[in-house]
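Asks: To be precise about what I am sending: the file is called my_file.txt and holds compact mmCIF, C-alpha atoms.
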```
# COMPACT_ATOMS: atom_id res chain seq x y z
CA MET M 13 5.84 111.56 7.48
CA LYS M 14 9.25 110.51 6.26
CA ARG M 15 11.80 109.11 8.64
CA ALA M 16 14.23 111.91 7.84
CA ALA M 17 11.66 114.38 9.18
CA SER M 18 10.91 112.44 12.35
CA PRO M 19 10.85 114.62 15.49
CA PHE M 20 12.00 111.66 17.60
CA VAL M 21 15.20 111.94 19.56
CA PRO M 22 16.65 108.47 19.02
CA HIS M 23 17.85 106.20 21.78
CA LEU M 24 21.61 105.54 21.65
CA MET M 25 20.90 101.95 20.48
CA VAL M 26 20.00 103.24 17.02
CA PHE M 27 23.67 103.88 16.37
CA GLN M 28 24.42 100.19 16.78
CA ARG M 29 24.10 97.93 13.80
CA ASN M 30 20.81 96.12 13.17
CA TYR M 31 18.73 97.79 15.88
CA ILE M 32 15.71 100.07 15.58
CA ALA M 33 15.43 103.71 16.61
CA VAL M 34 13.87 104.11 20.05
CA PRO M 35 12.58 107.58 20.99
CA ARG M 36 13.22 108.88 24.49
CA ASP M 37 9.53 109.72 24.87
CA LEU M 38 7.74 106.39 24.38
CA ALA M 39 4.33 108.07 24.60
CA ALA M 40 5.00 109.32 21.06
CA VAL M 41 4.91 105.73 19.76
CA THR M 42 2.24 104.28 22.06
CA GLN M 43 -1.36 103.53 21.08
CA ILE M 44 -3.90 102.71 23.82
CA ASP M 45 -7.47 101.57 23.23
CA HIS M 46 -8.91 103.49 26.16
CA ALA M 47 -12.47 102.56 25.21
CA ALA M 48 -11.66 98.86 25.58
CA GLU M 49 -9.68 98.94 28.82
CA CYS M 50 -11.45 98.65 32.16
CA ALA M 51 -10.14 99.97 35.48
CA PRO M 52 -7.87 97.42 37.15
CA GLN M 53 -9.83 97.64 40.41
CA GLU M 54 -12.87 96.23 38.59
CA VAL M 55 -11.08 92.90 38.16
CA GLY M 56 -9.39 92.69 41.52
CA LEU M 57 -6.06 94.30 40.61
CA GLU M 58 -4.24 97.08 42.42
CA ARG M 59 -4.16 100.49 40.82
CA GLY M 60 -0.47 100.23 39.93
CA ALA M 61 -0.67 96.76 38.39
CA ILE M 62 -1.20 97.95 34.84
CA ASP M 63 1.53 100.57 35.16
CA ALA M 64 3.92 97.83 36.30
CA ILE M 65 3.06 95.61 33.32
CA TRP M 66 3.30 98.45 30.84
CA SER M 67 6.62 99.58 32.28
CA ALA M 68 7.93 96.05 31.66
CA VAL M 69 6.61 96.21 28.07
CA GLU M 70 8.36 99.54 27.57
CA GLY M 71 11.55 97.94 28.85
CA PHE M 72 11.07 95.19 26.28
CA TYR M 73 10.66 97.82 23.54
CA ARG M 74 13.74 99.73 24.71
CA THR M 75 15.89 96.73 23.77
CA ALA M 76 15.57 98.19 20.24
CA THR M 77 14.88 94.73 18.81
CA HIS M 78 11.12 95.00 18.14
CA PRO M 79 9.73 97.58 15.72
CA ALA M 80 6.19 96.72 16.85
CA ILE M 81 4.81 95.15 20.03
CA THR M 82 1.11 94.61 20.69
CA ILE M 83 -0.49 93.18 23.81
CA MET M 84 -3.97 92.11 24.86
CA LEU M 85 -4.58 91.09 28.47
CA ARG M 86 -7.93 90.03 29.88
CA ARG M 87 -8.68 89.34 33.54
CA GLN M 88 -11.95 87.70 34.54
CA GLY M 89 -13.05 88.14 30.93
CA ARG M 90 -12.56 91.93 30.96
CA VAL M 91 -10.01 93.75 28.81
CA VAL M 92 -7.38 95.30 31.05
CA ILE M 93 -4.66 96.07 28.49
CA SER M 94 -5.15 96.66 24.76
CA ARG M 95 -2.09 98.53 23.54
CA ALA M 96 0.65 98.80 20.96
CA ILE M 97 4.06 100.41 20.95
CA GLY M 98 6.29 101.16 17.99
CA HIS M 99 5.79 101.02 14.24
CA ALA M 100 4.36 98.39 11.92
CA ARG M 101 6.59 99.72 9.16
CA GLY M 102 9.34 102.25 8.61
CA ASN M 103 11.53 101.71 11.68
CA GLU M 104 13.18 98.44 10.80
CA PRO M 105 16.99 98.46 10.43
CA GLY M 106 18.01 99.82 7.05
CA ALA M 107 14.65 101.50 6.43
CA ALA M 108 15.90 105.08 6.35
CA GLY M 109 13.63 107.32 4.31
CA ARG M 110 10.60 105.04 4.42
CA GLN M 111 7.22 106.13 5.71
CA TRP M 112 6.52 105.61 9.41
CA VAL M 113 3.40 103.48 9.96
CA PRO M 114 2.44 103.36 13.65
CA ALA M 115 1.55 100.01 15.19
CA THR M 116 -1.92 99.87 16.72
CA PRO M 117 -3.75 97.27 18.81
CA GLN M 118 -5.38 96.21 15.52
CA THR M 119 -2.10 95.50 13.68
CA PRO M 120 -2.00 91.89 12.41
CA ILE M 121 1.23 90.00 13.12
CA CYS M 122 2.36 86.47 12.29
CA LEU M 123 1.88 84.04 15.20
CA PHE M 124 4.52 81.61 13.90
CA SER M 125 4.40 78.48 16.09
CA ALA M 126 1.56 79.84 18.19
CA SER M 127 -0.41 78.87 15.07
CA LYS M 128 -0.02 75.25 16.20
CA ALA M 129 -2.43 75.76 19.09
CA ILE M 130 -5.12 77.04 16.72
CA THR M 131 -4.54 74.33 14.10
CA ALA M 132 -4.85 71.78 16.91
CA LEU M 133 -8.29 73.20 17.72
CA LEU M 134 -9.45 72.28 14.20
CA VAL M 135 -8.55 68.64 14.88
CA HIS M 136 -10.34 68.77 18.23
CA LYS M 137 -13.40 70.14 16.43
CA LEU M 138 -13.39 66.99 14.26
CA VAL M 139 -13.32 64.91 17.45
CA GLU M 140 -16.23 66.92 18.80
CA MET M 141 -18.13 66.26 15.56
CA GLY M 142 -17.56 62.52 16.00
CA ARG M 143 -15.43 62.29 12.86
CA LEU M 144 -12.32 60.89 14.59
CA SER M 145 -10.82 60.08 17.98
CA LEU M 146 -7.55 61.30 19.44
CA ASP M 147 -6.59 57.67 19.93
CA ASP M 148 -7.24 56.78 16.29
CA ARG M 149 -4.15 55.82 14.39
CA VAL M 150 -3.26 58.50 11.86
CA ALA M 151 -3.07 55.79 9.19
CA GLN M 152 -6.78 55.01 9.65
CA HIS M 153 -7.46 58.32 7.91
CA ILE M 154 -4.26 58.74 5.89
CA PRO M 155 -3.39 55.14 4.86
CA GLU M 156 -0.09 56.02 3.22
CA TYR M 157 1.15 57.39 6.55
CA ALA M 158 1.63 53.79 7.77
CA GLN M 159 4.97 53.52 5.96
CA ARG M 160 8.21 52.66 7.78
CA GLY M 161 6.75 51.85 11.16
CA LYS M 162 4.39 54.80 11.55
CA ASP M 163 1.28 52.61 11.42
CA ARG M 164 0.89 52.78 15.22
CA THR M 165 1.17 56.57 15.57
CA THR M 166 -2.00 58.11 17.03
CA VAL M 167 -3.53 61.52 16.51
CA ARG M 168 -2.83 62.30 20.18
CA GLN M 169 0.85 61.49 19.74
CA LEU M 170 1.03 63.71 16.68
CA LEU M 171 -0.57 66.60 18.57
CA SER M 172 1.79 66.20 21.52
CA HIS M 173 5.04 66.00 19.49
CA ARG M 174 5.53 62.28 20.04
CA ALA M 175 5.10 61.08 16.45
CA GLY M 176 8.83 60.74 15.83
CA ILE M 177 9.03 62.98 12.76
CA PRO M 178 10.36 66.32 14.09
CA THR M 179 12.45 66.75 10.94
CA VAL M 180 12.59 65.29 7.45
CA PRO M 181 15.84 63.33 6.98
CA ILE M 182 16.63 64.72 3.55
CA LYS M 183 19.93 66.49 2.99
CA ASP M 184 19.80 69.96 1.43
CA LEU M 185 16.00 70.03 1.54
CA ASP M 186 14.59 73.02 -0.36
CA TYR M 187 12.33 74.93 2.04
CA ARG M 188 10.01 75.80 -0.86
CA VAL M 189 8.59 72.28 -0.67
CA ILE M 190 6.31 73.58 2.11
CA TYR M 191 4.34 75.38 -0.58
CA ASP M 192 3.62 72.13 -2.47
CA TRP M 193 1.05 70.49 -0.20
CA ASP M 194 0.86 67.11 -1.95
CA ALA M 195 4.65 66.84 -2.15
CA VAL M 196 5.22 67.58 1.53
CA ILE M 197 2.48 65.12 2.60
CA ALA M 198 4.03 62.39 0.44
CA MET M 199 7.47 63.14 1.85
CA LEU M 200 6.26 62.97 5.46
CA CYS M 201 4.31 59.79 4.84
CA ALA M 202 7.48 58.19 3.43
CA ALA M 203 9.69 59.42 6.28
CA LYS M 204 11.12 57.00 8.81
CA PRO M 205 10.41 58.07 12.40
CA PHE M 206 13.38 58.29 14.75
CA GLU M 207 11.16 56.58 17.34
CA ALA M 208 7.80 54.91 16.68
CA THR M 209 6.44 54.04 20.14
CA GLY M 210 5.17 57.52 20.96
CA GLU M 211 7.13 57.59 24.21
CA LYS M 212 9.77 60.17 23.27
CA GLN M 213 8.96 63.82 22.82
CA ALA M 214 10.67 65.93 20.15
CA TYR M 215 9.11 69.21 19.04
CA HIS M 216 7.64 69.03 15.52
CA ALA M 217 8.24 72.61 14.40
CA ILE M 218 6.78 72.30 10.89
CA THR M 219 6.18 68.64 10.06
CA GLY M 220 3.33 67.72 12.39
CA GLY M 221 1.20 70.64 11.26
CA PHE M 222 0.99 69.35 7.70
CA ILE M 223 -0.25 65.92 8.77
CA LEU M 224 -2.79 67.56 11.09
CA GLY M 225 -3.89 69.76 8.20
CA GLU M 226 -4.26 66.70 5.98
CA LEU M 227 -6.47 65.09 8.64
CA VAL M 228 -8.69 68.16 8.58
CA ARG M 229 -8.88 68.02 4.79
CA ARG M 230 -9.62 64.29 4.52
CA VAL M 231 -11.76 63.70 7.60
CA GLY M 232 -13.52 67.05 7.62
CA ARG M 233 -13.75 67.26 3.83
CA ILE M 234 -13.02 70.95 4.09
CA GLY M 235 -10.10 73.18 3.14
CA LEU M 236 -7.86 74.26 5.99
CA GLN M 237 -8.53 77.96 5.39
CA ASP M 238 -12.30 77.38 5.34
CA ALA M 239 -12.14 75.28 8.50
CA LEU M 240 -10.28 78.02 10.34
CA ARG M 241 -12.75 80.63 9.15
CA GLN M 242 -15.94 78.66 9.84
CA TRP M 243 -15.00 76.95 13.11
CA ILE M 244 -12.92 79.59 14.87
CA ALA M 245 -12.33 82.97 13.18
CA GLU M 246 -15.91 83.87 12.32
CA PRO M 247 -17.44 82.62 15.61
CA LEU M 248 -14.85 84.71 17.47
CA GLY M 249 -15.53 87.75 15.28
CA CYS M 250 -11.97 87.89 13.88
CA ARG M 251 -11.18 90.01 10.86
CA TYR M 252 -7.62 88.94 10.11
CA MET M 253 -7.21 85.41 11.50
CA THR M 254 -6.16 83.39 8.47
CA TYR M 255 -3.32 81.20 7.26
CA GLY M 256 -1.16 83.74 5.51
CA LEU M 257 -2.66 87.14 4.90
CA ALA M 258 -5.03 88.39 2.22
CA PRO M 259 -3.45 90.92 -0.16
CA GLN M 260 -5.83 93.69 0.95
CA HIS M 261 -4.60 93.37 4.55
CA ARG M 262 -0.87 93.28 3.97
CA ALA M 263 -0.37 97.05 4.02
CA VAL M 264 -1.51 97.23 7.66
CA ALA M 265 0.41 94.16 8.86
CA ALA M 266 3.81 94.29 10.51
CA PRO M 267 6.43 92.42 8.43
CA ASN M 268 8.93 90.33 10.35
CA VAL M 269 12.37 91.82 10.91
CA PHE M 270 15.68 90.26 11.93
CA THR M 271 17.30 92.46 14.56
CA GLY M 272 20.21 92.39 16.95
CA PRO M 273 23.43 90.39 16.74
CA ARG M 274 24.20 87.73 14.22
CA PRO M 275 23.15 84.31 15.58
CA PRO M 276 26.05 82.15 16.81
CA TRP M 277 26.66 79.14 14.58
CA MET M 278 25.36 76.78 17.26
CA ILE M 279 22.06 78.66 17.51
CA ASP M 280 21.76 78.74 13.74
CA LEU M 281 22.35 74.99 13.69
CA VAL M 282 19.52 74.47 16.20
CA ALA M 283 17.28 76.72 14.08
CA ARG M 284 18.01 74.58 11.04
CA ARG M 285 17.13 71.44 13.01
CA VAL M 286 13.93 72.87 14.45
CA LEU M 287 12.73 75.17 11.64
CA GLY M 288 14.42 73.73 8.56
CA ALA M 289 16.31 76.94 7.77
CA GLY M 290 18.76 79.31 9.39
CA PHE M 291 17.48 81.93 11.83
CA ARG M 292 17.76 84.89 9.46
CA ASP M 293 16.48 82.81 6.54
CA VAL M 294 13.28 82.00 8.42
CA VAL M 295 12.65 85.72 8.95
CA ARG M 296 13.19 86.44 5.26
CA ILE M 297 11.00 83.53 4.18
CA SER M 298 8.16 84.71 6.44
CA ASN M 299 7.78 87.88 4.34
CA GLU M 300 7.70 86.12 0.97
CA GLU M 301 4.61 86.11 -1.20
CA ALA M 302 4.28 82.32 -1.02
CA PHE M 303 4.39 82.31 2.80
CA LEU M 304 1.67 84.96 2.85
CA THR M 305 -0.47 82.97 0.41
CA GLN M 306 -0.21 79.24 1.17
CA PRO M 307 -1.32 77.58 4.45
CA VAL M 308 1.57 76.49 6.67
CA PRO M 309 -0.48 74.91 9.48
CA ALA M 310 2.27 74.99 12.10
CA GLY M 311 3.47 78.50 11.48
CA ASN M 312 1.69 81.16 9.41
CA ILE M 313 -1.56 82.24 11.02
CA PHE M 314 -1.81 86.02 11.17
CA ALA M 315 -3.94 87.75 13.78
CA THR M 316 -4.13 90.78 16.03
CA ALA M 317 -3.32 90.45 19.72
CA ASP M 318 -7.03 90.79 20.45
CA GLU M 319 -7.91 87.98 18.04
CA ALA M 320 -5.25 85.64 19.42
CA GLY M 321 -6.39 86.53 22.92
CA ARG M 322 -9.99 85.69 22.06
CA VAL M 323 -8.98 82.09 21.33
CA PHE M 324 -7.52 81.64 24.80
CA GLN M 325 -10.27 83.57 26.55
CA MET M 326 -12.78 81.27 24.86
CA LEU M 327 -10.91 78.22 26.15
CA LEU M 328 -10.63 79.79 29.60
CA ASP M 329 -14.41 80.24 29.60
CA GLY M 330 -15.01 76.58 28.80
CA GLY M 331 -15.51 76.99 25.05
CA VAL M 332 -17.79 80.04 25.17
CA PHE M 333 -17.08 83.54 23.85
CA ARG M 334 -19.53 86.41 24.31
CA GLY M 335 -22.34 83.99 25.01
CA ASN M 336 -21.71 81.82 21.95
CA ARG M 337 -20.58 78.23 22.46
CA ILE M 338 -17.70 77.46 20.10
CA PHE M 339 -16.38 74.25 21.73
CA GLN M 340 -18.00 71.86 24.17
CA LEU M 341 -16.64 71.87 27.71
CA ASP M 342 -15.39 68.28 27.48
CA THR M 343 -13.50 69.23 24.30
CA VAL M 344 -11.77 72.08 26.11
CA GLU M 345 -10.83 69.76 28.96
CA GLU M 346 -9.26 67.37 26.45
CA ILE M 347 -7.39 70.19 24.72
CA VAL M 348 -5.57 71.18 27.91
CA ARG M 349 -5.10 67.73 29.50
CA PRO M 350 -1.36 66.86 29.83
CA VAL M 351 -0.01 64.04 27.68
CA GLY M 352 2.56 61.95 29.53
CA LYS M 353 5.06 63.34 31.99
CA ARG M 354 7.40 66.29 31.63
CA GLN M 355 10.26 65.39 29.27
CA PHE M 356 13.51 66.92 28.17
CA ASP M 357 12.43 67.74 24.62
CA GLY M 358 14.70 66.21 21.99
CA MET M 359 14.54 69.25 19.70
CA LEU M 360 14.03 72.23 22.01
CA VAL M 361 16.65 70.90 24.42
CA ILE M 362 14.65 72.05 27.46
CA PRO M 363 12.04 70.31 29.61
CA VAL M 364 8.55 71.07 28.27
CA ARG M 365 5.09 69.75 29.11
CA PHE M 366 2.55 69.32 26.30
CA SER M 367 -1.12 68.55 25.97
CA ALA M 368 -2.70 67.43 22.70
CA GLY M 369 -1.92 70.73 21.00
CA MET M 370 -0.78 73.11 23.73
CA MET M 371 2.42 73.94 25.56
CA LEU M 372 1.76 73.79 29.29
CA GLY M 373 2.98 75.92 32.17
CA ASP M 374 4.88 74.55 35.12
CA SER M 375 5.95 75.13 38.72
CA PRO M 376 7.95 76.60 40.31
CA VAL M 377 8.46 78.31 36.95
CA GLY M 378 7.44 77.53 33.40
CA LEU M 379 7.03 79.04 29.94
CA PHE M 380 4.19 81.24 31.19
CA GLY M 381 5.83 82.48 34.34
CA PRO M 382 6.19 81.38 37.95
CA ARG M 383 3.59 79.08 39.53
CA SER M 384 1.87 78.57 36.19
CA ARG M 385 1.25 74.82 36.19
CA GLU M 386 -2.41 75.22 35.16
CA SER M 387 -1.54 77.54 32.27
CA TYR M 388 -1.65 76.52 28.63
CA GLY M 389 -0.81 78.27 25.39
CA HIS M 390 1.99 78.46 22.86
CA ILE M 391 5.15 80.34 21.99
CA GLY M 392 5.96 81.47 18.45
CA PHE M 393 9.49 82.08 17.17
CA LEU M 394 10.92 82.86 20.62
CA ASN M 395 8.95 85.98 21.50
CA VAL M 396 5.31 85.66 20.44
CA VAL M 397 3.55 84.36 23.55
CA CYS M 398 -0.16 83.51 23.90
CA TRP M 399 -1.64 81.77 26.92
CA ALA M 400 -4.45 81.34 29.40
CA ASP M 401 -3.96 81.04 33.16
CA PRO M 402 -7.04 79.59 34.90
CA ALA M 403 -5.68 80.19 38.41
CA ARG M 404 -5.25 83.91 37.72
CA GLU M 405 -8.29 84.16 35.38
CA LEU M 406 -6.00 85.60 32.69
CA SER M 407 -5.77 85.37 28.94
CA VAL M 408 -2.78 87.07 27.33
CA ALA M 409 -1.41 87.62 23.83
CA ILE M 410 1.95 89.34 23.33
CA LEU M 411 2.78 89.76 19.64
CA ASN M 412 5.82 91.38 18.05
CA ASN M 413 7.62 91.40 14.73
CA GLY M 414 11.25 91.67 15.78
CA LYS M 415 13.05 88.34 15.59
CA SER M 416 16.17 88.53 17.69
CA LEU M 417 18.53 86.44 19.79
CA ALA M 418 19.77 89.49 21.67
CA PRO M 419 19.99 88.44 25.34
CA SER M 420 18.35 91.70 26.40
CA SER M 421 15.28 90.89 24.27
CA LEU M 422 14.80 87.45 25.78
CA THR M 423 15.35 88.56 29.36
CA ARG M 424 13.04 91.57 29.01
CA LEU M 425 10.28 89.39 27.58
CA ALA M 426 10.68 87.08 30.55
CA ARG M 427 10.35 90.13 32.79
CA VAL M 428 7.06 91.06 31.11
CA ILE M 429 5.66 87.58 31.70
CA ASN M 430 6.92 87.46 35.28
CA THR M 431 5.47 90.91 36.01
CA ILE M 432 2.07 89.84 34.70
CA CYS M 433 2.12 86.81 37.01
CA LYS M 434 3.32 88.89 39.95
CA VAL M 435 0.76 91.70 39.79
CA CYS M 436 -2.14 89.42 38.79
CA PRO M 437 -2.40 87.10 41.81
CA PRO M 438 -4.32 83.83 41.69
CA THR M 439 -8.00 84.17 42.45
CA ARG M 440 -8.34 80.60 43.66
```
Mind turning this structure into structure tokens?

Replies:
Amino acid sequence: MKRAASPFVPHLMVFQRNYIAVPRDLAAVTQIDHAAECAPQEVGLERGAIDAIWSAVEGFYRTATHPAITIMLRRQGRVVISRAIGHARGNEPGAAGRQWVPATPQTPICLFSASKAITALLVHKLVEMGRLSLDDRVAQHIPEYAQRGKDRTTVRQLLSHRAGIPTVPIKDLDYRVIYDWDAVIAMLCAAKPFEATGEKQAYHAITGGFILGELVRRVGRIGLQDALRQWIAEPLGCRYMTYGLAPQHRAVAAPNVFTGPRPPWMIDLVARRVLGAGFRDVVRISNEEAFLTQPVPAGNIFATADEAGRVFQMLLDGGVFRGNRIFQLDTVEEIVRPVGKRQFDGMLVIPVRFSAGMMLGDSPVGLFGPRSRESYGHIGFLNVVCWADPARELSVAILNNGKSLAPSSLTRLARVINTICKVCPPTR
């Protein structure tokens, strides 16, 4: 069906610049995996809990900033929500006349920085194998990393954003260097840390992932893509979970789309500090052939909401998924153990708690909702959110392909997270 022939009655927002068309009847663009979803009462939830969560998701979609939204929510290990709303392709701004491709619960979407949590698991697998320790100095395994005072930096500090290399101090750096693995490793090894004691936290948006990936390559003697496949994706039964996306899967994926208002110069400046490129540039780059082909350990894993959710359900279950042990229990405990005290992050400019690889929840409110201090997970490019909440026996993955700084988008996403926490009370 062509867009011109669409029977949808568009929401008024479509007439504003850089927003998607939103039909008045959202059922027309909703896909529910009824076979997967259990009744909420079977996992201790009230009958209206799922309706409340889905209403919040619909409110998020009505901001007209996300062509596709997918969500997987498990409670006590059972699937409670497996749904999608919107279109993987055809409803992005400026796409008039293109074919509508509905989003489904099986639509792969880029996790962006939520990829960091999964890359961290590969390093923890090396620890479990006895190949390295989190308290090893990185330079023990990558000798050239010892340059300019980085000889004392540990693997744990690198995983918890305390390695002192959140950015590369090179003016007018060409972002395409991220596709030359050897060049970017040499550049990071030669970089001078802004702080070398490991005491100060500053989010490593891109840089840390490459050094972690190099540890996997050298210590594990395995390619990063193969490590992800053998140690996580295949044991979890994932079809799409890879760095980048295979050519045969790209037609069903949801490309990333910049929507909403133009970013203020201050926000764009922060994006350049954190991501190495302007906000809109990052969106464009994420759809390029090179980004879809080369591993970017901190930012380009693609997966479905179900696949991302399986990772966190496995951790929630102590390293086991569907009866198969993927990580040892003591490894999982190390993965989620806080590193240091809460700090005002030098790059994110907000207080954030980290473990060796995960963002952590907080109380009275944190990244994963109110009273979420036991929670752990990761956020990707503002609005991809994946986490586990042991107190509520929840694992959640909310994926979307609209990249927007529209205030309505951010507040509506927060409402989704808060609603999940509200209607899914702690079980202990």

Asks: List as number ranges by chain the protein and nucleic acid residues near range 235-244 of chain M, meaning an atom at most 8 Å away when all atoms listed in the file are counted, but skip any in the same chain fewer than 5 places from it.

Replies: M: 131, 134, 137, 225, 228-229, 253-255, 307, 323, 338

Asks: Identify, on the basis of all atoms listed in the file, every residue whose closest approach to range 416-421 of chain M does not exceed 8 Å; exclude the query and any residue fewer than 5 positions from it along the same chain; express the result as a ChimeraX atom specification.

Replies: /M:72,75,77,270-273,275

Asks: By how many Å are CA of Pro276 in chain M and CA of Leu422 in chain M apart?

Replies: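 Between CA of Pro276 in chain M and CA of Leu422 in chain M the gap works out to 15.3 Å.
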
Asks: What's the separation between CA of Ala217 in chain M and CA of Ser125 in chain M, in Å to one decimal place?

Replies: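 Separation of CA of Ala217 in chain M and CA of Ser125 in chain M: 7.2 Å.
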
Asks: Using Å and a single decimal, report how far CA of Asp148 in chain M sits from CA of Val189 in chain M.

Replies: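 Going from CA of Val189 in chain M over to CA of Asp148 in chain M, I get 27.9 Å.
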
Asks: List the spatial neighbours of Ala302 in chain M as a tab-separated table (two decimals) with C-alpha atoms, in the coordinates of the input - criterion: any atom at most 10 Å away, all atoms listed in the file, same-chain residues fewer than 2 positions off excluded.

Replies:
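Done, and the output landed in part_26.tsv:
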```tsv
chain	number	residue	atom	x	y	z
M	188	ARG	CA	10.01	75.80	-0.86
M	190	ILE	CA	6.31	73.58	2.11
M	191	TYR	CA	4.34	75.38	-0.58
M	256	GLY	CA	-1.16	83.74	5.51
M	297	ILE	CA	11.00	83.53	4.18
M	298	SER	CA	8.16	84.71	6.44
M	299	ASN	CA	7.78	87.88	4.34
M	300	GLU	CA	7.70	86.12	0.97
M	304	LEU	CA	1.67	84.96	2.85
M	305	THR	CA	-0.47	82.97	0.41
M	306	GLN	CA	-0.21	79.24	1.17
M	307	PRO	CA	-1.32	77.58	4.45
```

Asks: Which of these, M:Asp401, M:Leu327, M:Pro35, M:Arg230, has the shortest distance to Pro382 in chain M once you count all atoms listed in the file?

Replies: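 Once distances to Pro382 in chain M are computed over all atoms listed in the file, the minimum belongs to M:Asp401.
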
Asks: Between M:Ser127, M:Thr431, M:Gln340, M:Gln152, single out the one closest to Met370 in chain M, counting all atoms listed in the file.

Replies: M:Ser127

Asks: As a ChimeraX atom specification, please: the residues near Phe380 in chain M (cut-off 7 Å, only C-alpha atoms, same-chain neighbours under 5 positions excluded).

Replies: /M:373,387,429

Asks: Which residue is closest to Gln43 in chain M? Choose from M:Ala76, M:Leu57, M:Ile97, M:Val91 and count only C-alpha atoms.

Replies: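 With only C-alpha atoms as the atom set, the closest residue is M:Ile97.
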
Asks: Considering only C-alpha atoms, state which residue in the set M:Leu85, M:Ala266, M:Leu411, M:Ala129 is at the smallest distance from Phe366 in chain M.

Replies: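 That would be M:Ala129, the residue with the smallest distance to Phe366 in chain M.
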